[in-house]
Each structure stands twice: as structure tokens, then as C-alpha cells.
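J.: This is the structure, below, for whatever I ask next.
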Amino acid sequence: MILRRTLPPTAAPIYCRDIANGLIGILRGNWEIDRFEGEIREYFGVRHCFTLSSGRAALTVILRALSALRPERSIVVIPAYTCYSVAASVARAGLSVKLCDIDPQTLDFDYAQLEDIATRDSHKILAVIPAHLFGLPADMDRLKEITAGRDIFLVEDAAQALGGEYRGSKLGTRGDVGFFSLGRGKPLTTVEGGIIITGRDNIAREIEKQVRRMERRSTVPLIVKALLLALFIHPRLYGFPKSLPFLKIGETIYDEAFELRRLSPFQAGLARGWQGNIQRLKLARKERALKFLPLGRSGSFHSYVSDKNTLPDLLRFPLLYREAPSKEDQRRRSAMDRLGIVPYYPTSIHDIGDLKGRFTGEQYPGADEVAAHLITLPIHPLVSETDAERIISFLRIRPD
């Protein structure tokens, strides 16, 4: 089998030294977890940190904690275009999803609609969850104005934005509680994992009640996954696992049946030196993102970044077709796939098959437009200069 160079859409490479640190972490046990959580608290300037088996586990625990504090409220407002796991976590927590449309020009909430929802249902809404999609900061100042006066919790979805900043503050610290994902392809990866941070003592007490009852994530499967990820994330080999349909790489799946466990010492060890790694990865992604800025001025796309002086810490480089993209033939789709040019979530939340009956008659045109027109470009360190040039050339040639 001849493998063609294939770029993963996102990548935070794992190296042999990282796996060695993970194995040492197993020997250190809880001390390694305490070290990692202490570093997170110091980095973000918060009093409380909890590490879990995934970002969706983190969100589920957060929502259960908030529900314990406000048991009379059951509605959670989320963007109509966001990660499927956000909706799944709300359902797993036993709460009701309320969708708010997004602005296709910003990927943030449609704030006129959000204001209307918050006014109409303020006594029922437990929390609002903004998402810093691709690392693009949501308008946290406006969100705090909407939620604070109505006693609504603000849960900051910074799953894709670890290390990013918003007006001088680290993303994840502006809400009542924030969470991050440590899954593969995130700004920092421990193969799987999630982080919760908060400065609110009452929220932390309720989270602690849940976390102390959880078991640690099993170690052996994580070691195997780390070894495979370290090997197959590289473009010369990535095409092999991607070609195996049972691995479902790149597929977006709605699933409420996920584990609720704590992070393992192996994963905490794997993350050793994470602050320096995050900084190096940020610089590498910025360097590559700068190469794609001219595409936003080509007329074919709307860009979410206007110039290099306003460039946020992006995980992927998003572009929105100004007109509906023509139907791609198989050859062109294959070329896009090899270059790491991919759409993102294939549908808005209200079009997920398992959830369709819950949103009958509701319309979310902004989310639908983004689902149909958005593409993302890879900007991780494994994208070479030649790769970037090929991506630019490819996108400048539109099919008939």
C-alpha cells in the first residue's frame, strides 16, 4: 500500500519524551496529578482545578454541579452551531438544551436572539455556554452583561482555546466556570482528558462532591493510544488510519454514553512541560495562519481575521464561502482531504438525527449557513511551507 502525504486537520504532536514522562507519572501517582492541577491553577490564576477523562465529562460535571445549586432551573442555552458533545453533555446532565442561533460573520451568538431568550426564560435558564470556536473569542463582556443581572451561570467553553486570551484575560477565566479539552487535535493533548477551572468556591464544592467518587481513567489503553498517536499523526503515515472506516477518524458523532472518570497519572505526566509546549505550538500556528490571511481578501471567502494585528490564537484557520460552494467531485474532495482542508461540524445541532424531534419548527439560518459553507485549514506544526503553498493554490482555483 502506497501512502500519500495526508495532513491531519489539527495536531499537537506527542513525542517519545512525553510518553516517557507519562510512564514516570504512573510511578508518581497522585503526586503527578497534584502537580499538574497546581500548575493549571497558577497559570490561570484560579483557586480551583479539576482534571477529568474528557472535555464532555468536564462539562457534564459542571452542569450537574450548577443544577445542584439552582435545582429549580433546567434550561441550558448553547450555540446552534457547536460541538455535538456540548449538547450530549447537557443531556447527560439531565438538563434541557435551548438553542440560540449564531452570527455567520463572527461564529459567536446572535446576540439579539440571545437577549430575547434570556429575557423570556430568565427564571428557567440555568446556564449559557458560549464557545471560543477554533480559538476565536466569544464576546465575554456582552455575555456577562446578559447573564449576571439574571442570575444565570456563564460556562465558558474553551475546549479549543487553551492558552488563548481575550482583552488581556486568559480564555476560560471570564465566566463563572470554564472547561478545556485535552483530546487529540486540541491545543494541548494528553490523548484524552478535560480540565475544569473556577474561582467560585460554591461551584467547586459541588464539583468536588462528584469528582471524589470517580475512578481514574484506565492506563493501559491510554499508553497504547499515545504510542499510536505519536506514530500516525505524521503526514506520511496519517493516511493509513484515516483510510480505515471503522476508526471513524474525522466523523462527528452524537453520543451521550461517555465515561465520567478522573484524569490518570499517566496523562498528567504526559502533559509535563505543557506551558512551554503551548507557547511553541501557538507560535507555530500563528506563523502558518499568517500565510492564509490573503485568502480572506480574495473575494471567494469571508475571513474571521482581518489582519495580522488582530490574529487570535487559532486552532484551525476558518473560512466561509461567500457563495454556496459548488458540489465537489470525488477527485477534488480527495485532494482537499489530503491537504487537511475540511468542513467542521456537518450540521447544526437542531439537525442531529438523535435530536431532531426536540426542535420541531425552530429555524437557525445562521447555523445552517455555517454548516453548509465553512471550511477549515490546518495550521499545526506539521504543515510545511510547501503544504501551505499547495493549500493556497488549491483554494484559488474554483471548480466549474
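Letters A, B, ... go to the chains of the C-alpha cells in the order shown; residues in each chain start at 1; ligands are counted from 1 in the same order.
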Using DSSP on the backbone coordinates, identify all residues within range 30-236 of chain A classified as strand (DSSP E); present the result as an mmCIF file with N, CA and C atoms, in the first residue's frame.

T.:
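Generated file (out-v7.cif):
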```
data_model
loop_
_atom_site.group_PDB
_atom_site.id
_atom_site.type_symbol
_atom_site.label_atom_id
_atom_site.label_comp_id
_atom_site.auth_asym_id
_atom_site.auth_seq_id
_atom_site.Cartn_x
_atom_site.Cartn_y
_atom_site.Cartn_z
ATOM 1 N N HIS A 48 -9.466 26.912 41.975
ATOM 2 C CA HIS A 48 -9.897 25.516 41.884
ATOM 3 C C HIS A 48 -9.664 24.945 40.489
ATOM 4 N N CYS A 49 -9.196 23.702 40.449
ATOM 5 C CA CYS A 49 -8.980 22.994 39.184
ATOM 6 C C CYS A 49 -9.296 21.518 39.396
ATOM 7 N N PHE A 50 -9.946 20.928 38.398
ATOM 8 C CA PHE A 50 -10.259 19.502 38.418
ATOM 9 C C PHE A 50 -9.914 18.935 37.039
ATOM 10 N N THR A 51 -9.308 17.757 37.013
ATOM 11 C CA THR A 51 -8.949 17.135 35.740
ATOM 12 C C THR A 51 -9.745 15.847 35.566
ATOM 13 N N LEU A 52 -10.334 15.693 34.379
ATOM 14 C CA LEU A 52 -11.230 14.573 34.116
ATOM 15 C C LEU A 52 -10.857 13.843 32.827
ATOM 16 N N ILE A 75 -32.860 24.714 32.020
ATOM 17 C CA ILE A 75 -32.549 25.018 30.619
ATOM 18 C C ILE A 75 -31.095 25.477 30.493
ATOM 19 N N VAL A 76 -30.405 24.942 29.491
ATOM 20 C CA VAL A 76 -29.027 25.356 29.188
ATOM 21 C C VAL A 76 -29.007 25.867 27.755
ATOM 22 N N VAL A 77 -28.577 27.109 27.569
ATOM 23 C CA VAL A 77 -28.546 27.734 26.247
ATOM 24 C C VAL A 77 -27.178 27.510 25.620
ATOM 25 N N ILE A 78 -27.179 26.953 24.405
ATOM 26 C CA ILE A 78 -25.926 26.702 23.700
ATOM 27 C C ILE A 78 -26.046 27.234 22.274
ATOM 28 N N PRO A 79 -24.920 27.475 21.586
ATOM 29 C CA PRO A 79 -24.993 27.904 20.183
ATOM 30 C C PRO A 79 -25.607 26.810 19.319
ATOM 31 N N SER A 96 -32.156 20.386 29.862
ATOM 32 C CA SER A 96 -32.769 20.625 28.550
ATOM 33 C C SER A 96 -31.936 21.608 27.737
ATOM 34 N N VAL A 97 -31.732 21.285 26.460
ATOM 35 C CA VAL A 97 -30.986 22.156 25.543
ATOM 36 C C VAL A 97 -31.918 23.214 24.957
ATOM 37 N N LYS A 98 -31.481 24.454 24.993
ATOM 38 C CA LYS A 98 -32.134 25.545 24.263
ATOM 39 C C LYS A 98 -31.109 26.118 23.305
ATOM 40 N N LEU A 99 -31.450 26.151 22.020
ATOM 41 C CA LEU A 99 -30.511 26.636 21.021
ATOM 42 C C LEU A 99 -30.686 28.123 20.776
ATOM 43 N N CYS A 100 -29.565 28.785 20.557
ATOM 44 C CA CYS A 100 -29.561 30.178 20.100
ATOM 45 C C CYS A 100 -28.755 30.222 18.812
ATOM 46 N N ILE A 125 -33.615 29.451 32.974
ATOM 47 C CA ILE A 125 -32.282 29.191 32.413
ATOM 48 C C ILE A 125 -31.255 28.998 33.523
ATOM 49 N N LEU A 126 -30.612 27.853 33.502
ATOM 50 C CA LEU A 126 -29.548 27.560 34.451
ATOM 51 C C LEU A 126 -28.227 28.173 34.005
ATOM 52 N N ALA A 127 -27.909 28.011 32.712
ATOM 53 C CA ALA A 127 -26.585 28.438 32.222
ATOM 54 C C ALA A 127 -26.628 28.768 30.745
ATOM 55 N N VAL A 128 -25.700 29.630 30.348
ATOM 56 C CA VAL A 128 -25.417 29.907 28.942
ATOM 57 C C VAL A 128 -23.980 29.453 28.680
ATOM 58 N N PHE A 153 -25.825 31.288 35.212
ATOM 59 C CA PHE A 153 -24.414 30.914 35.195
ATOM 60 C C PHE A 153 -23.842 31.038 33.782
ATOM 61 N N LEU A 154 -22.604 31.478 33.697
ATOM 62 C CA LEU A 154 -21.888 31.590 32.427
ATOM 63 C C LEU A 154 -20.775 30.545 32.418
ATOM 64 N N VAL A 155 -20.943 29.536 31.560
ATOM 65 C CA VAL A 155 -19.994 28.418 31.460
ATOM 66 C C VAL A 155 -19.184 28.597 30.186
ATOM 67 N N GLU A 156 -17.907 28.792 30.326
ATOM 68 C CA GLU A 156 -17.054 29.148 29.186
ATOM 69 C C GLU A 156 -16.488 27.898 28.520
ATOM 70 N N ASP A 157 -16.931 27.635 27.295
ATOM 71 C CA ASP A 157 -16.438 26.504 26.525
ATOM 72 C C ASP A 157 -15.156 26.922 25.818
ATOM 73 N N GLU A 165 -6.226 34.197 24.663
ATOM 74 C CA GLU A 165 -6.547 35.345 25.513
ATOM 75 C C GLU A 165 -7.641 36.195 24.900
ATOM 76 N N TYR A 166 -8.318 36.955 25.758
ATOM 77 C CA TYR A 166 -9.385 37.866 25.347
ATOM 78 C C TYR A 166 -9.216 39.154 26.135
ATOM 79 N N SER A 169 -7.210 38.885 29.254
ATOM 80 C CA SER A 169 -7.553 37.792 30.171
ATOM 81 C C SER A 169 -7.455 36.459 29.445
ATOM 82 N N LYS A 170 -7.043 35.438 30.150
ATOM 83 C CA LYS A 170 -6.968 34.105 29.546
ATOM 84 C C LYS A 170 -8.369 33.548 29.318
ATOM 85 N N VAL A 177 -17.379 29.529 35.443
ATOM 86 C CA VAL A 177 -16.592 28.310 35.398
ATOM 87 C C VAL A 177 -16.227 28.072 33.935
ATOM 88 N N GLY A 178 -15.063 27.517 33.698
ATOM 89 C CA GLY A 178 -14.629 27.236 32.329
ATOM 90 C C GLY A 178 -14.106 25.819 32.210
ATOM 91 N N PHE A 179 -14.070 25.323 30.978
ATOM 92 C CA PHE A 179 -13.526 23.978 30.775
ATOM 93 C C PHE A 179 -12.749 23.916 29.469
ATOM 94 N N PHE A 180 -11.829 22.944 29.417
ATOM 95 C CA PHE A 180 -10.950 22.721 28.271
ATOM 96 C C PHE A 180 -10.964 21.238 27.919
ATOM 97 N N SER A 181 -10.606 20.945 26.682
ATOM 98 C CA SER A 181 -10.444 19.561 26.246
ATOM 99 C C SER A 181 -8.962 19.276 26.021
ATOM 100 N N GLY A 194 -9.919 16.295 30.148
ATOM 101 C CA GLY A 194 -10.614 17.565 30.282
ATOM 102 C C GLY A 194 -10.194 18.277 31.551
ATOM 103 N N ILE A 195 -10.349 19.586 31.552
ATOM 104 C CA ILE A 195 -9.968 20.421 32.692
ATOM 105 C C ILE A 195 -11.135 21.333 33.039
ATOM 106 N N ILE A 196 -11.399 21.479 34.335
ATOM 107 C CA ILE A 196 -12.361 22.465 34.835
ATOM 108 C C ILE A 196 -11.608 23.463 35.687
ATOM 109 N N ILE A 197 -11.886 24.760 35.475
ATOM 110 C CA ILE A 197 -11.327 25.787 36.357
ATOM 111 C C ILE A 197 -12.441 26.713 36.813
ATOM 112 N N THR A 198 -12.326 27.189 38.046
ATOM 113 C CA THR A 198 -13.294 28.154 38.562
ATOM 114 C C THR A 198 -12.706 28.883 39.766
#
```

J.: Go through range 234-362 of chain A and collect every residue that DSSP, computed from the backbone, puts in helix (DSSP H, G or I); the answer should be as JSON, numbers by chain.

T.: {"A": [235, 236, 237, 238, 239, 240, 241, 242, 245, 246, 247, 265, 266, 267, 268, 269, 270, 274, 275, 276, 277, 278, 279, 280, 281, 282, 283, 284, 285, 286, 287, 288, 289, 290, 291, 292, 293, 294, 295, 296, 297, 308, 309, 310, 330, 331, 332, 333, 334, 335, 336, 337, 338, 349, 350, 351, 353, 354, 355, 356, 357, 358, 359]}

J.: Would you please work out which residue, of A:Gly135, A:Leu395, A:Pro318, A:Glu385, is nearest to Gly299 in chain A when using only C-alpha atoms?

T.: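 Distance minimum relative to Gly299 in chain A lands on A:Leu395.
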
J.: From the set A:Val342, A:Ala271, A:Ile375, A:Ile349, which residue has the shortest atom-to-atom contact distance to Tyr321 in chain A, counting only C-alpha atoms?

T.: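 Looking only at the distances to Tyr321 in chain A, the closest residue turns out to be A:Ile375.
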
J.: Excluding Arg28 in chain A and its own-chain neighbours fewer than 5 positions away, which residues fall within 9 Å of it when counting only C-alpha atoms? Please give them as a list in words.

T.: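 My list of contacting residues is Ile33, Pro265 and Gly269 of chain A.
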
J.: Would you mind exporting N, CA and C atoms of the selected residues as a tab-separated table (two decimals), in the first residue's frame?

T.:
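Wrote selection-v4.tsv, looks like this:
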```
chain	number	residue	atom	x	y	z
A	33	ILE	N	-0.71	14.11	39.53
A	33	ILE	CA	-1.97	14.82	39.32
A	33	ILE	C	-1.96	16.15	40.07
A	265	PRO	N	-2.65	9.47	36.28
A	265	PRO	CA	-1.29	9.98	36.44
A	265	PRO	C	-0.47	9.89	35.16
A	269	GLY	N	1.46	13.06	33.61
A	269	GLY	CA	2.89	13.00	33.26
A	269	GLY	C	3.12	13.35	31.80
```

J.: Can you work out which one of A:Thr310, A:Thr190, A:Gln275, A:Ser264 has the shortest atom-to-atom distance to Gly25 in chain A, counting only C-alpha atoms?

T.: A:Ser264

J.: Determine, counting only C-alpha atoms, which protein, DNA and RNA residues have an atom within 12 Å of an atom of Thr106 in chain A; residues of the same chain fewer than 4 positions away are not included. Present the result as a PyMOL selection string.

T.: chain A and resi 81+101-102+110-111+131-139+302-306+318-320+366-367+370+374

J.: From the options A:Ala80, A:Leu162, A:Leu237, A:Ile207, which residue's atoms come nearest to Ser67 in chain A, counting only C-alpha atoms?

T.: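 For Ser67 in chain A, the nearest of the candidates is A:Ile207.
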
J.: For Ser122 in chain A, which residue among A:Met140, A:Leu227, A:Ala88, A:Ile146 is the nearest when counting only C-alpha atoms?

T.: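 The shortest atom-to-atom distance to Ser122 in chain A comes from A:Ile146.
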
J.: Between A:Gly193, A:Gly149, A:Pro312, A:Gly45, which one has atoms that come closest to Ala57 in chain A, using only C-alpha atoms?

T.: A:Gly193

J.: Rounded to one decimal in Å, what is the spacing between CA of Leu222 in chain A and CA of Ile24 in chain A?

T.: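 Value for the CA of Leu222 in chain A-CA of Ile24 in chain A distance: 14.2 Å.
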
J.: Give me, as a list of chain:residue names, all polymer residues having an atom no more than 8 Å from Val211 in chain A, counting only C-alpha atoms and skipping those fewer than 5 positions away in the same chain.

T.: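 Contacts, with the query itself left out: A:Phe50, A:Val61, A:Arg261, A:Arg262.
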